[in-house]
Every structure is written in structure tokens, then in C-alpha cells.
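Visitor: My structure file upload_5.txt, compact mmCIF, C-alpha atoms, is below:
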# COMPACT_ATOMS: atom_id res chain seq x y z
CA MET J 1 104.04 120.30 85.56
CA TYR J 2 101.20 117.82 86.25
CA GLY J 3 103.10 115.48 88.58
CA LYS J 4 102.95 111.92 87.35
CA LEU J 5 99.81 112.46 85.27
CA SER J 6 100.45 111.50 81.66
CA GLU J 7 98.86 113.37 78.80
CA SER J 8 96.25 110.60 78.50
CA ASP J 9 95.52 110.74 82.28
CA LEU J 10 95.12 114.49 82.01
CA ALA J 11 92.93 114.20 78.92
CA GLN J 12 90.70 111.70 80.73
CA LEU J 13 90.35 113.94 83.80
CA THR J 14 89.66 116.96 81.59
CA ALA J 15 86.98 115.06 79.69
CA GLN J 16 85.35 113.98 82.96
CA ALA J 17 85.45 117.53 84.34
CA GLN J 18 83.97 118.99 81.18
CA GLN J 19 81.24 116.33 80.95
CA GLN J 20 79.90 117.41 84.31
CA PRO J 21 77.26 120.13 84.03
CA GLN J 22 78.43 121.23 87.46
CA ARG J 23 82.10 121.22 88.39
CA LEU J 24 81.07 120.73 92.01
CA LYS J 25 79.60 117.33 91.16
CA PHE J 26 82.89 116.38 89.46
CA LEU J 27 84.86 117.31 92.60
CA ILE J 28 82.54 115.34 94.87
CA GLN J 29 82.95 112.32 92.58
CA GLN J 30 86.73 112.76 92.77
CA ALA J 31 86.49 112.95 96.58
CA ALA J 32 84.92 109.49 96.60
CA LEU J 33 88.02 108.14 94.82
CA LEU J 34 90.45 109.34 97.49
CA PRO J 35 91.57 106.44 99.70
CA ALA J 36 90.30 106.78 103.26
CA MET J 37 92.71 108.03 105.90
CA PRO J 38 92.44 106.17 109.22
CA ALA J 39 90.84 108.31 111.93
CA GLN J 40 93.84 107.86 114.24
CA MET J 41 96.00 109.67 111.64
CA LYS J 42 93.78 112.77 111.69
CA VAL J 43 95.74 114.50 114.43
CA ALA J 44 97.12 118.01 114.82
CA ALA J 45 100.64 116.89 113.84
CA ASN J 46 99.33 115.84 110.40
CA GLU J 47 97.15 118.90 109.83
CA VAL J 48 98.11 121.37 107.11
CA HIS J 49 97.68 124.92 108.36
CA GLY J 50 96.48 127.68 106.07
CA CYS J 51 93.58 125.69 104.65
CA GLU J 52 89.98 126.90 104.71
CA ALA J 53 88.79 123.46 105.85
CA GLN J 54 90.66 120.95 107.98
CA VAL J 55 93.19 119.04 105.86
CA TRP J 56 95.44 116.20 106.93
CA LEU J 57 98.54 115.06 105.05
CA LEU J 58 100.90 112.14 105.47
CA THR J 59 103.90 111.68 103.18
CA LYS J 60 106.39 108.85 102.91
CA TRP J 61 108.98 107.78 100.35
CA HIS J 62 109.08 104.20 99.08
CA GLY J 63 112.37 104.18 97.23
CA ASP J 64 112.00 106.97 94.68
CA LEU J 65 108.19 107.08 94.77
CA LEU J 66 106.11 109.32 96.99
CA GLU J 67 103.25 107.85 98.98
CA LEU J 68 100.54 110.28 100.05
CA GLN J 69 97.56 110.13 102.34
CA LEU J 70 95.23 113.14 102.22
CA ASP J 71 91.88 113.91 103.74
CA SER J 72 89.63 116.84 104.54
CA ALA J 73 86.47 117.53 106.47
CA SER J 74 85.07 119.24 103.34
CA ARG J 75 83.92 117.14 100.37
CA VAL J 76 84.83 119.85 97.86
CA VAL J 77 88.33 120.27 99.32
CA LYS J 78 88.62 116.50 99.45
CA GLY J 79 87.81 116.39 95.72
CA LEU J 80 90.55 118.93 95.02
CA LEU J 81 92.93 116.92 97.21
CA ALA J 82 92.02 113.84 95.16
CA LEU J 83 93.35 115.64 92.07
CA ILE J 84 96.63 116.39 93.87
CA TYR J 85 96.72 112.77 95.03
CA GLN J 86 96.29 111.48 91.48
CA ALA J 87 99.08 113.76 90.30
CA LEU J 88 101.60 113.11 93.07
CA ASN J 89 100.95 109.77 94.75
CA GLY J 90 103.58 107.48 93.24
CA ALA J 91 105.45 110.44 91.73
CA THR J 92 109.22 110.75 91.55
CA PRO J 93 111.10 113.61 93.23
CA ALA J 94 111.45 115.33 89.84
CA GLN J 95 107.71 115.05 89.17
CA VAL J 96 106.92 116.47 92.61
CA ALA J 97 109.33 119.37 92.09
CA ALA J 98 107.84 120.19 88.67
CA PHE J 99 104.19 120.00 89.77
CA GLN J 100 102.17 123.18 89.23
CA LEU J 101 98.79 123.30 90.94
CA ASP J 102 97.57 126.33 89.00
CA ALA J 103 98.37 124.65 85.67
CA LEU J 104 96.43 121.52 86.68
CA LEU J 105 93.40 123.55 87.79
CA ALA J 106 93.48 125.61 84.57
CA THR J 107 93.77 122.52 82.37
CA LEU J 108 90.76 120.97 84.10
CA SER J 109 88.84 124.27 83.81
CA LEU J 110 88.53 124.43 87.60
CA ASP J 111 90.63 127.53 88.17
CA ASN J 112 87.67 129.92 88.06
CA MET J 113 85.67 127.99 90.63
CA VAL J 114 88.42 127.70 93.24
CA SER J 115 88.29 130.69 95.59
CA THR J 116 91.44 132.53 96.61
CA SER J 117 91.27 131.17 100.16
CA ARG J 118 90.76 127.61 98.91
CA ARG J 119 93.62 128.03 96.40
CA ASN J 120 95.86 129.30 99.23
CA GLY J 121 95.02 126.23 101.27
CA LEU J 122 95.72 123.88 98.36
CA SER J 123 99.00 125.71 97.75
CA ALA J 124 99.89 125.10 101.42
CA VAL J 125 99.29 121.37 100.86
CA VAL J 126 101.48 121.35 97.74
CA ARG J 127 104.15 123.37 99.59
CA ALA J 128 104.14 120.83 102.44
CA ILE J 129 104.55 118.00 99.92
CA THR J 130 107.32 119.89 98.09
CA ASP J 131 109.10 120.67 101.37
CA TYR J 132 108.94 116.97 102.23
CA ASN J 133 110.37 116.24 98.76
CA HIS J 134 113.36 118.49 99.52
CA ASN J 135 113.87 117.70 103.20
CA GLY J 136 112.55 114.17 103.59
CA SER J 137 110.37 115.20 106.54
CA MET J 138 107.41 117.45 107.25
Give the structure from the file, written as C-alpha cells.
Guide:
Amino acid sequence: MYGKLSESDLAQLTAQAQQQPQRLKFLIQQAALLPAMPAQMKVAANEVHGCEAQVWLLTKWHGDLLELQLDSASRVVKGLLALIYQALNGATPAQVAAFQLDALLATLSLDNMVSTSRRNGLSAVVRAITDYNHNGSM
């Protein structure tokens, strides 16, 4: 349900999110943890459509582990992408298939601050990752 995040990983993220007086600050801090995507990879072919802000996604399998690269023009969206990255980068196909974005956001008490349009965009990202999990290509 939470990708490859263990209960202790999830507890640590939850504690960090709840320590922040403002959830926005937490997301911006998470954004800073997302590995940089090279500018030459931010092309239309790697863009995820349906997102409020521009989002780029690259996926690749290394054996049975998923490798992700994610980026966004928006720091808040980038912070939310960082949470997906932590859950699914290095995940197995079974962990990717079982991942539930809404459950992760609810557990971190972020579900009420994510607008419907932003949630739809994040769902498009997760769907693209899941489709890659099933088909092996985007």
C-alpha cells in the first residue's frame, strides 16, 4: 500500500510531517531531497499530462527494482513527487502494484491540503508508473 516504505520509514515521515507547523514547509523540504533530473531529460516525451504543474517522469527497471526520476516546475508538486519517489524508487513490481497514493497522503495527514486538481495530477503520475510496471514501457 505504501510502496517500499516500511512501517518505520512511514512513521519517520509522519513524524516529520506532523512536526511541521505548516505542511507546505514539509513538502518544500521534501522537494529538496528529490534527486535532480538533468535538464536534457525535461522534454515533452517525458512529461506527464494531466498535472496542474509541469511534471517529468523517467522509469527504468534494474532487475526487479524500479528506478525513477521525477521533477516538477512547482516546489510543492516536487515535494509531493518526492514522497512518491521515496515510496517507489527501488520498489519491486508487487510493491508498485500495491501502492496507494491516497493512503500515503492520509497517513501523512496531507490529504486535506492536496487539491483535487493536484491529486488528479499525482494520480496521473502513479498511473504512468503503474502502467510502466505492467507494460515495461511508458
Visitor: To one decimal place, how far is atom CA of Val76 of chain J from atom CA of Arg118 of chain J in Å?
Guide: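 Going from atom CA of Val76 of chain J over to atom CA of Arg118 of chain J, I get 9.8 Å.
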Visitor: Between J:Pro38, J:Asp111, J:Leu122, J:Ala82, which is the closest to Ala53 of chain J once you count all atoms listed in the file?
Guide: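 Of all the options, J:Leu122 lies closest to Ala53 of chain J.
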Visitor: Between J:Arg75, J:His62, J:Arg127, J:Arg23, which has the minimum distance to Met113 of chain J (counting only C-alpha atoms)?
Guide: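 Residue with the minimum atom-to-atom distance to Met113 of chain J: J:Arg23.
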Visitor: Could you tell me which of J:Ser109, J:Ser74, J:Ser8, J:Gln100 comes closest to Cys51 of chain J if we count all atoms listed in the file?
Guide: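 Answer, going by the shortest atom-to-atom distance: J:Ser74.
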Visitor: Atom CA of Lys78 of chain J and atom CA of Ser123 of chain J are how many Å apart?
Guide: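 Going from atom CA of Lys78 of chain J over to atom CA of Ser123 of chain J, I get 14.0 Å.
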Visitor: For Pro35 of chain J, which of J:Thr92, J:Thr107, J:Thr116, J:Gln69 is the closest residue, counting all atoms listed in the file?
Guide: J:Gln69
Visitor: For Gly90 of chain J, which residue out of J:Ser117, J:Lys4, J:Ala103, J:His49 is the nearest one, using only C-alpha atoms?
Guide: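 Closest to Gly90 of chain J, using only C-alpha atoms: J:Lys4.
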Visitor: Would you mind reading off the distance between atom CA of Ile28 of chain J and atom CA of Val48 of chain J, one decimal, in Å?
Guide: 20.7 Å
Visitor: Using 6 Å of padding on each side, determine the axis-aligned box around all atoms of segment 89-97 of chain J present in the file and give its centre and edge lengths in Å to one decimal, as AutoDock Vina command-line options.
Guide:
--center_x 106.2 --center_y 113.4 --center_z 92.0 --size_x 22.5 --size_y 23.9 --size_z 17.6
Visitor: Choose the residue, out of J:Gly50, J:Leu108, J:Tyr85, J:Gly79, that has the smallest atom-to-atom separation from Asn120 of chain J; count only C-alpha atoms.
Guide: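 Nearest to Asn120 of chain J: J:Gly50.
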